[in-house]
Amino acid sequence: MKAASGSSSPSLARRILACGRCPRLRAYLESIAADNPGWHCKPVPGLGEPGSPVALVGLAPSRTGANRTGRMFTGDKTGDFLFDALAAAGLTDRIYLTAALKCAPPKDKPLPAELRRCAPFLQEELARSRARVVIALGKIAHDAYLRHRGERLSAHPFAHGAWHPLPGGPGLLDTYHCSPRNTNTGVLTRGMFLSVLKKAGALAGL
């Protein structure tokens, strides 16, 4: 999978990297950078080819994962679980990875206003995408995609494995987030996650 800087358009990636719209997030990343000068500690662009047939939208970069590496969904156990499953499902080079929020939030909990400020970046990424299926990694990502499409959230309740065909496509496929909080407790097993990824591939015609 190609580096983040070559995944989004160069202009979009530069604008994401330079964003400072959220004072709380900017201060949080600066505090992490002060103790970890070699870390990325900036907003993180998407990873993969925008023309991929499948797109996956997560919550946000994790503090010690993508916030450290600068590459979406890399550098932590969530990413290890994700990329292992993508390889098993044959999607490693056929998926675009991004997040509803481009900065790591304190305690992995973004504020609604931060998600709203970041939404234009996700909207631009998805507008450039040629995905036939969008996977939502958790409810925040699910809601962010439905808002992007102008859909009522109540008409499309989040449920693991649920498929939401949308007018004009691409449709939305839900999965629980593959964070250690879920994978270590059995809320999400490898088999459950693989089933969703394989379903995404089939729906995308792969």
# chains A, B, ... in the order shown; residues from 1 in each chain; ligands from 1
>>> residues_around(residues="Leu29 of chain A", least_positions_apart="6", cutoff="12 Å", atoms="only C-alpha atoms", output="PyMOL selection string")
chain A and resi 20+22-23+35-37+39-44+61-64+67-68+102-106
>>> residues_around(residues="segment 190-205 of chain A", least_positions_apart="4", cutoff="7 Å", atoms="only C-alpha atoms", output="NGL selection string")
:A and (53-54 or 85 or 89 or 132-133 or 161 or 175)
>>> residues_around(residues="Asp174 of chain A", least_positions_apart="6", cutoff="12 Å", atoms="only C-alpha atoms", output="tab-separated table (two decimals) with C-alpha atoms, in the first residue's frame")
chain	number	residue	atom	x	y	z
A	55	ALA	CA	-13.07	2.53	1.00
A	56	LEU	CA	-12.86	2.13	4.77
A	57	VAL	CA	-13.66	5.00	7.13
A	58	GLY	CA	-12.48	4.76	10.73
A	133	VAL	CA	-18.55	0.00	-1.19
A	134	VAL	CA	-17.73	2.05	1.92
A	135	ILE	CA	-16.96	0.18	5.15
A	136	ALA	CA	-17.72	2.05	8.36
A	137	LEU	CA	-15.38	1.03	11.17
A	138	GLY	CA	-17.66	1.83	14.11
A	139	LYS	CA	-20.69	4.06	14.64
A	140	ILE	CA	-18.90	7.44	14.46
A	141	ALA	CA	-17.61	6.55	11.00
A	142	HIS	CA	-21.06	5.21	10.06
A	143	ASP	CA	-22.71	8.48	11.07
A	145	TYR	CA	-20.61	8.80	6.01
A	146	LEU	CA	-24.39	9.09	6.23
A	156	HIS	CA	-29.88	3.50	8.74
A	157	PRO	CA	-29.14	2.17	12.26
A	158	PHE	CA	-25.61	0.93	12.87
A	159	ALA	CA	-25.26	-2.84	13.27
A	160	HIS	CA	-22.25	-5.07	12.73
A	161	GLY	CA	-22.46	-6.66	9.29
A	162	ALA	CA	-25.40	-4.51	8.19
A	163	TRP	CA	-25.51	-3.43	4.56
A	164	HIS	CA	-27.12	-0.11	3.69
A	165	PRO	CA	-27.67	0.32	-0.07
A	192	MET	CA	-16.38	-11.73	12.17
A	193	PHE	CA	-14.16	-9.06	10.65
A	195	SER	CA	-16.69	-12.00	6.97
A	196	VAL	CA	-17.40	-8.27	6.60
A	197	LEU	CA	-14.33	-7.68	4.44
A	199	LYS	CA	-18.76	-9.29	1.89
A	200	ALA	CA	-17.38	-5.88	0.92
>>> closest_residue(among="A:Leu172, A:Leu97, A:Pro167, A:Thr78", to="Leu188 of chain A", atoms="only C-alpha atoms")
A:Thr78
>>> select_by_dssp(residues="segment 78-141 of chain A", states="alpha helix (DSSP H)", output="ChimeraX atom specification")
/A:78-89,112-128,139-141
>>> write_last_selection(atoms="C-alpha atoms", output="compact mmCIF listing (two decimals), in the first residue's frame")
# COMPACT_ATOMS: atom_id res chain seq x y z
CA THR A 78 -5.52 -1.95 15.58
CA GLY A 79 -3.53 -1.57 12.38
CA ASP A 80 -1.90 -4.98 12.78
CA PHE A 81 -5.33 -6.61 13.11
CA LEU A 82 -6.69 -4.62 10.17
CA PHE A 83 -3.85 -5.28 7.73
CA ASP A 84 -3.69 -8.98 8.60
CA ALA A 85 -7.41 -9.29 7.81
CA LEU A 86 -7.12 -7.20 4.63
CA ALA A 87 -4.37 -9.52 3.38
CA ALA A 88 -6.47 -12.59 4.16
CA ALA A 89 -9.45 -11.06 2.34
CA PRO A 112 -18.99 16.88 17.71
CA ALA A 113 -17.65 20.29 16.66
CA GLU A 114 -14.29 18.73 15.72
CA LEU A 115 -15.99 16.14 13.55
CA ARG A 116 -17.98 18.89 11.84
CA ARG A 117 -14.84 20.93 11.12
CA CYS A 118 -13.09 17.88 9.69
CA ALA A 119 -16.07 16.70 7.62
CA PRO A 120 -15.11 18.70 4.48
CA PHE A 121 -11.87 16.71 4.20
CA LEU A 122 -13.74 13.39 4.37
CA GLN A 123 -16.32 14.68 1.92
CA GLU A 124 -13.60 15.67 -0.55
CA GLU A 125 -11.85 12.33 -0.18
CA LEU A 126 -15.06 10.42 -0.80
CA ALA A 127 -16.07 12.68 -3.68
CA ARG A 128 -12.75 11.81 -5.37
CA LYS A 139 -20.69 4.06 14.64
CA ILE A 140 -18.90 7.44 14.46
CA ALA A 141 -17.61 6.55 11.00
>>> select_by_dssp(residues="segment 33-87 of chain A", states="strand (DSSP E or B)", output="NGL selection string")
:A and (47 or 54-58)
>>> atom_distance(atom1="atom CA of Gly48 of chain A", atom2="atom CA of Leu153 of chain A")
27.8 Å
>>> closest_residue(among="A:Tyr96, A:Lys77, A:Gly169, A:Ala131", to="Thr183 of chain A", atoms="only C-alpha atoms")
A:Lys77
>>> closest_residue(among="A:Thr74, A:Ser9, A:Ser129, A:Thr98", to="Leu59 of chain A", atoms="only C-alpha atoms")
A:Thr98
>>> atom_distance(atom1="atom CA of Asn184 of chain A", atom2="atom CA of Ala99 of chain A")
22.1 Å
>>> closest_residue(among="A:Ala100, A:Leu91, A:Leu12, A:Leu111", to="Leu25 of chain A", atoms="only C-alpha atoms")
A:Leu111
